[in-house]
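Enquirer: Input query.cif, format and content: mmCIF, C-alpha atoms.
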```
data_protein
loop_
_atom_site.group_PDB
_atom_site.id
_atom_site.type_symbol
_atom_site.label_atom_id
_atom_site.label_comp_id
_atom_site.auth_asym_id
_atom_site.auth_seq_id
_atom_site.Cartn_x
_atom_site.Cartn_y
_atom_site.Cartn_z
ATOM 1 C CA MET Y 1 0.000 0.000 0.000
ATOM 2 C CA ILE Y 2 1.265 3.445 -0.963
ATOM 3 C CA LYS Y 3 0.475 5.972 1.761
ATOM 4 C CA VAL Y 4 0.356 9.612 0.620
ATOM 5 C CA LEU Y 5 -0.106 12.747 2.733
ATOM 6 C CA LEU Y 6 -0.730 15.978 0.813
ATOM 7 C CA VAL Y 7 0.060 19.160 2.748
ATOM 8 C CA CYS Y 8 -0.604 22.890 2.480
ATOM 9 C CA LEU Y 9 -0.827 25.781 4.923
ATOM 10 C CA GLY Y 10 -4.402 25.450 6.199
ATOM 11 C CA ASN Y 11 -5.706 22.145 4.780
ATOM 12 C CA ILE Y 12 -8.852 23.773 3.417
ATOM 13 C CA CYS Y 13 -7.895 24.630 -0.205
ATOM 14 C CA ARG Y 14 -4.942 23.030 -1.983
ATOM 15 C CA SER Y 15 -4.201 19.872 -0.012
ATOM 16 C CA PRO Y 16 -7.815 18.644 0.254
ATOM 17 C CA MET Y 17 -8.237 19.440 -3.447
ATOM 18 C CA ALA Y 18 -5.138 17.320 -4.147
ATOM 19 C CA GLU Y 19 -6.369 14.575 -1.798
ATOM 20 C CA TYR Y 20 -9.695 14.156 -3.581
ATOM 21 C CA ILE Y 21 -8.222 14.521 -7.085
ATOM 22 C CA LEU Y 22 -5.673 11.797 -6.312
ATOM 23 C CA LYS Y 23 -8.338 9.544 -4.798
ATOM 24 C CA ASP Y 24 -10.390 10.021 -7.968
ATOM 25 C CA MET Y 25 -7.373 9.333 -10.215
ATOM 26 C CA VAL Y 26 -6.428 6.093 -8.509
ATOM 27 C CA LYS Y 27 -10.050 4.923 -8.459
ATOM 28 C CA LYS Y 28 -10.438 5.568 -12.194
ATOM 29 C CA GLN Y 29 -7.211 3.603 -12.806
ATOM 30 C CA GLY Y 30 -8.420 0.695 -10.676
ATOM 31 C CA LEU Y 31 -5.658 1.296 -8.132
ATOM 32 C CA GLU Y 32 -7.633 2.455 -5.098
ATOM 33 C CA GLU Y 33 -6.826 -0.719 -3.160
ATOM 34 C CA GLN Y 34 -3.123 0.151 -3.493
ATOM 35 C CA PHE Y 35 -3.381 3.638 -1.966
ATOM 36 C CA TYR Y 36 -4.136 5.331 1.324
ATOM 37 C CA ILE Y 37 -4.483 9.117 0.858
ATOM 38 C CA GLU Y 38 -4.988 11.957 3.358
ATOM 39 C CA SER Y 39 -4.228 15.660 3.617
ATOM 40 C CA ALA Y 40 -3.056 17.964 6.405
ATOM 41 C CA ALA Y 41 -1.981 21.504 7.282
ATOM 42 C CA THR Y 42 1.278 22.963 8.531
ATOM 43 C CA SER Y 43 -0.556 25.593 10.595
ATOM 44 C CA GLU Y 44 -3.254 25.424 13.237
ATOM 45 C CA GLY Y 45 -5.422 28.294 11.973
ATOM 46 C CA GLU Y 46 -8.054 26.206 10.195
ATOM 47 C CA ILE Y 47 -8.040 23.014 12.309
ATOM 48 C CA GLY Y 48 -11.502 21.446 12.338
ATOM 49 C CA ASN Y 49 -12.823 23.703 9.591
ATOM 50 C CA PRO Y 50 -14.435 22.318 6.435
ATOM 51 C CA MET Y 51 -12.994 22.579 2.963
ATOM 52 C CA HIS Y 52 -13.112 26.055 1.384
ATOM 53 C CA THR Y 53 -16.256 26.482 -0.727
ATOM 54 C CA GLY Y 54 -14.102 27.371 -3.764
ATOM 55 C CA THR Y 55 -12.335 24.016 -3.495
ATOM 56 C CA LYS Y 56 -15.549 22.111 -2.931
ATOM 57 C CA ASN Y 57 -17.232 23.874 -5.867
ATOM 58 C CA LYS Y 58 -14.301 23.130 -8.188
ATOM 59 C CA LEU Y 59 -14.291 19.442 -7.238
ATOM 60 C CA GLN Y 60 -18.063 19.206 -7.741
ATOM 61 C CA GLN Y 61 -17.739 20.968 -11.104
ATOM 62 C CA LYS Y 62 -15.285 18.221 -12.148
ATOM 63 C CA ASN Y 63 -17.530 15.462 -10.716
ATOM 64 C CA ILE Y 64 -14.889 14.506 -8.158
ATOM 65 C CA PRO Y 65 -16.440 13.176 -4.948
ATOM 66 C CA CYS Y 66 -15.317 14.898 -1.764
ATOM 67 C CA GLY Y 67 -16.260 13.809 1.714
ATOM 68 C CA ASP Y 68 -16.898 15.725 4.896
ATOM 69 C CA HIS Y 69 -13.327 16.976 5.093
ATOM 70 C CA ARG Y 70 -12.113 18.677 8.280
ATOM 71 C CA ALA Y 71 -8.730 20.365 8.435
ATOM 72 C CA ARG Y 72 -6.056 18.764 10.577
ATOM 73 C CA LYS Y 73 -2.415 19.550 11.291
ATOM 74 C CA ILE Y 74 0.443 17.270 10.291
ATOM 75 C CA THR Y 75 2.128 15.512 13.222
ATOM 76 C CA LYS Y 76 5.549 14.052 13.846
ATOM 77 C CA GLN Y 77 3.907 10.590 13.792
ATOM 78 C CA ASP Y 78 2.735 11.178 10.218
ATOM 79 C CA TYR Y 79 6.339 10.816 9.084
ATOM 80 C CA LYS Y 80 6.293 7.171 10.204
ATOM 81 C CA LYS Y 81 2.797 6.526 8.850
ATOM 82 C CA PHE Y 82 3.170 7.873 5.290
ATOM 83 C CA ASP Y 83 5.486 6.926 2.406
ATOM 84 C CA TYR Y 84 5.135 10.271 0.616
ATOM 85 C CA ILE Y 85 4.549 13.626 2.285
ATOM 86 C CA ILE Y 86 3.935 16.146 -0.456
ATOM 87 C CA GLY Y 87 3.772 19.909 0.065
ATOM 88 C CA MET Y 88 2.068 22.285 -2.327
ATOM 89 C CA GLU Y 89 4.822 24.905 -2.172
ATOM 90 C CA GLU Y 90 8.354 25.441 -0.905
ATOM 91 C CA GLN Y 91 7.191 27.040 2.372
ATOM 92 C CA ASN Y 92 5.025 23.996 3.109
ATOM 93 C CA VAL Y 93 8.052 21.726 2.677
ATOM 94 C CA ILE Y 94 10.115 23.894 5.047
ATOM 95 C CA HIS Y 95 7.358 23.772 7.684
ATOM 96 C CA ILE Y 96 6.791 20.032 7.217
ATOM 97 C CA LYS Y 97 10.462 19.439 8.021
ATOM 98 C CA LYS Y 98 10.229 21.680 11.108
ATOM 99 C CA ILE Y 99 7.292 19.605 12.360
ATOM 100 C CA VAL Y 100 8.456 16.074 11.544
ATOM 101 C CA GLY Y 101 12.210 16.555 11.866
ATOM 102 C CA LYS Y 102 14.900 15.329 9.511
ATOM 103 C CA ASP Y 103 13.806 13.653 6.303
ATOM 104 C CA GLU Y 104 16.175 10.706 6.673
ATOM 105 C CA GLU Y 105 13.986 8.413 4.544
ATOM 106 C CA ASN Y 106 13.500 10.972 1.718
ATOM 107 C CA LYS Y 107 9.713 11.026 2.036
ATOM 108 C CA ILE Y 108 9.141 14.773 1.713
ATOM 109 C CA TYR Y 109 8.521 16.297 -1.709
ATOM 110 C CA GLN Y 110 7.035 19.358 -3.360
ATOM 111 C CA LEU Y 111 4.183 18.375 -5.688
ATOM 112 C CA MET Y 112 5.250 20.319 -8.757
ATOM 113 C CA ASP Y 113 8.723 18.757 -8.592
ATOM 114 C CA PHE Y 114 7.002 15.761 -10.215
ATOM 115 C CA SER Y 115 6.023 17.963 -13.182
ATOM 116 C CA ASN Y 116 8.085 19.185 -16.116
ATOM 117 C CA GLN Y 117 7.971 22.721 -14.671
ATOM 118 C CA PRO Y 118 8.781 22.658 -10.937
ATOM 119 C CA ARG Y 119 7.122 25.563 -9.134
ATOM 120 C CA ASN Y 120 4.889 26.500 -6.227
ATOM 121 C CA ILE Y 121 1.145 26.002 -6.436
ATOM 122 C CA ALA Y 122 -0.443 29.363 -5.674
ATOM 123 C CA ASP Y 123 -2.818 29.454 -2.721
ATOM 124 C CA PRO Y 124 -6.347 30.169 -3.992
ATOM 125 C CA TRP Y 125 -7.241 31.534 -0.551
ATOM 126 C CA TYR Y 126 -5.294 34.598 -1.705
ATOM 127 C CA THR Y 127 -5.523 34.397 -5.511
ATOM 128 C CA ARG Y 128 -9.167 33.243 -5.664
ATOM 129 C CA ASN Y 129 -8.137 31.348 -8.799
ATOM 130 C CA PHE Y 130 -9.330 27.829 -8.018
ATOM 131 C CA ASP Y 131 -9.197 26.912 -11.725
ATOM 132 C CA LYS Y 132 -5.427 27.530 -11.923
ATOM 133 C CA THR Y 133 -4.867 25.694 -8.635
ATOM 134 C CA TYR Y 134 -6.862 22.733 -9.944
ATOM 135 C CA GLU Y 135 -4.876 22.637 -13.211
ATOM 136 C CA ASP Y 136 -1.542 22.797 -11.370
ATOM 137 C CA ILE Y 137 -2.541 20.080 -8.914
ATOM 138 C CA VAL Y 138 -3.690 17.772 -11.728
ATOM 139 C CA GLU Y 139 -0.378 18.362 -13.534
ATOM 140 C CA GLY Y 140 1.612 17.592 -10.387
ATOM 141 C CA LEU Y 141 -0.403 14.501 -9.516
ATOM 142 C CA GLU Y 142 -0.142 13.126 -13.053
ATOM 143 C CA GLY Y 143 3.622 13.561 -12.739
ATOM 144 C CA PHE Y 144 3.552 11.837 -9.344
ATOM 145 C CA MET Y 145 1.660 8.873 -10.806
ATOM 146 C CA GLU Y 146 4.171 8.654 -13.665
ATOM 147 C CA TYR Y 147 6.992 8.728 -11.099
ATOM 148 C CA LEU Y 148 5.373 5.839 -9.211
ATOM 149 C CA LYS Y 149 5.118 3.860 -12.462
ATOM 150 C CA LYS Y 150 8.772 4.528 -13.369
ATOM 151 C CA GLU Y 151 9.821 3.484 -9.866
ATOM 152 C CA LYS Y 152 7.704 0.340 -10.266
ATOM 153 C CA LYS Y 153 5.609 1.195 -7.202
ATOM 154 C CA ILE Y 154 2.476 0.682 -9.319
ATOM 155 C CA ASP Y 155 2.151 -1.507 -12.381
ATOM 156 C CA ARG Y 156 -0.265 0.438 -14.605
#
```
Using structure tokens, write down the structure that the file contains.

Expert:
Amino acid sequence: MIKVLLVCLGNICRSPMAEYILKDMVKKQGLEEQFYIESAATSEGEIGNPMHTGTKNKLQQKNIPCGDHRARKITKQDYKKFDYIIGMEEQNVIHIKKIVGKDEENKIYQLMDFSNQPRNIADPWYTRNFDKTYEDIVEGLEGFMEYLKKEKKIDR
């Protein structure tokens, strides 16, 4: 089982969007039994809050199911639990490492590093551009899935 934790600042916009897009991708590829996927925040500001309505609306527009998500903060224990801890931007990666400690097992990544154009994914909380965030996340997750195939972690 491949365990993936997607992380952003508040866990109400980017990381839950990435969580549900990835869940949808693996389901459509018949791989859902091979994955365990969650999302988390690096800050405490939104803990317990639901997904941002912009994120929820975008997922619904794309017919991607999303559950009753509630924001949570990443913990030191998550480093042991997950195989891949993927931040949406460079600052997320810095804060993930502050929370979990050294990345001795090379589990921490930035999502767009799996794409052909590594970059930060802009926070739609500030930009209000949920379409661009969605497109970037899809690009990064498609790259992540290709990476898993090349590494022979998945066979399709």

Enquirer: Could you list, as a PyMOL selection string, every residue matched by the PyMOL selection byres ((chain Y and resi 23) around 9) in this structure?

Expert: chain Y and resi 18-22+24-28+32+35-37+64-65

Enquirer: Pick out the closest residue to Y:Lys62 from this set: Y:Glu142, Y:Asp136, Y:Asp155, Y:Asp131. Count all atoms listed in the file.

Expert: Y:Asp131

Enquirer: One decimal, Å: what's the distance from atom CA of Y:Thr133 over to atom CA of Y:Ile121, could you say?

Expert: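 The value is 6.4 Å.
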
Enquirer: Please determine an axis-aligned box that encloses all atoms of stretch 105-109 of chain Y listed in the file, with 8 Å added on each side, and express its centre and edge lengths in Å to one decimal as JSON.

Expert:
```
{"center_x": 11.3, "center_y": 12.4, "center_z": 1.4, "size_x": 21.5, "size_y": 23.9, "size_z": 22.3}
```

Enquirer: May I have the residues within 8 Å of Y:Lys73 as a VMD selection string, using all atoms listed in the file and disregarding those fewer than 4 positions away in the same chain?

Expert: chain Y and resid 11 40 to 44 47

Enquirer: So the first atom is atom CA of Y:Glu105 and the second is atom CA of Y:Tyr134; what is the distance between them in Å, to one decimal place?

Expert: 29.1 Å

Enquirer: May I ask which of the residues Y:Met17, Y:Glu89, Y:Lys80, Y:Leu9 is the closest one to Y:Asn57, counting only C-alpha atoms?

Expert: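 Of Y:Met17, Y:Glu89, Y:Lys80, Y:Leu9, the one nearest Y:Asn57 is Y:Met17, counting only C-alpha atoms.
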
Enquirer: Near Y:Tyr147, counting only C-alpha atoms, which residues have an atom at most 12 Å away, once you skip same-chain residues fewer than 2 positions from it, shown as a PDB file with C-alpha atoms, in the frame of the given file?

Expert:
```
ATOM      1  CA  TYR Y  84       5.135  10.271   0.616  1.00  0.00           C
ATOM      2  CA  LEU Y 111       4.183  18.375  -5.688  1.00  0.00           C
ATOM      3  CA  MET Y 112       5.250  20.319  -8.757  1.00  0.00           C
ATOM      4  CA  ASP Y 113       8.723  18.757  -8.592  1.00  0.00           C
ATOM      5  CA  PHE Y 114       7.002  15.761 -10.215  1.00  0.00           C
ATOM      6  CA  SER Y 115       6.023  17.963 -13.182  1.00  0.00           C
ATOM      7  CA  ASN Y 116       8.085  19.185 -16.116  1.00  0.00           C
ATOM      8  CA  GLY Y 140       1.612  17.592 -10.387  1.00  0.00           C
ATOM      9  CA  LEU Y 141      -0.403  14.501  -9.516  1.00  0.00           C
ATOM     10  CA  GLU Y 142      -0.142  13.126 -13.053  1.00  0.00           C
ATOM     11  CA  GLY Y 143       3.622  13.561 -12.739  1.00  0.00           C
ATOM     12  CA  PHE Y 144       3.552  11.837  -9.344  1.00  0.00           C
ATOM     13  CA  MET Y 145       1.660   8.873 -10.806  1.00  0.00           C
ATOM     14  CA  LYS Y 149       5.118   3.860 -12.462  1.00  0.00           C
ATOM     15  CA  LYS Y 150       8.772   4.528 -13.369  1.00  0.00           C
ATOM     16  CA  GLU Y 151       9.821   3.484  -9.866  1.00  0.00           C
ATOM     17  CA  LYS Y 152       7.704   0.340 -10.266  1.00  0.00           C
ATOM     18  CA  LYS Y 153       5.609   1.195  -7.202  1.00  0.00           C
ATOM     19  CA  ILE Y 154       2.476   0.682  -9.319  1.00  0.00           C
ATOM     20  CA  ASP Y 155       2.151  -1.507 -12.381  1.00  0.00           C
ATOM     21  CA  ARG Y 156      -0.265   0.438 -14.605  1.00  0.00           C
TER      22      ARG Y 156
END
```

Enquirer: Under the rule that all atoms listed in the file are counted, which of Y:Leu148, Y:Ala122, Y:Ile12, Y:Ile74 is the nearest residue to Y:Met88?

Expert: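 Ranked by minimum distance to Y:Met88, first place goes to Y:Ala122.
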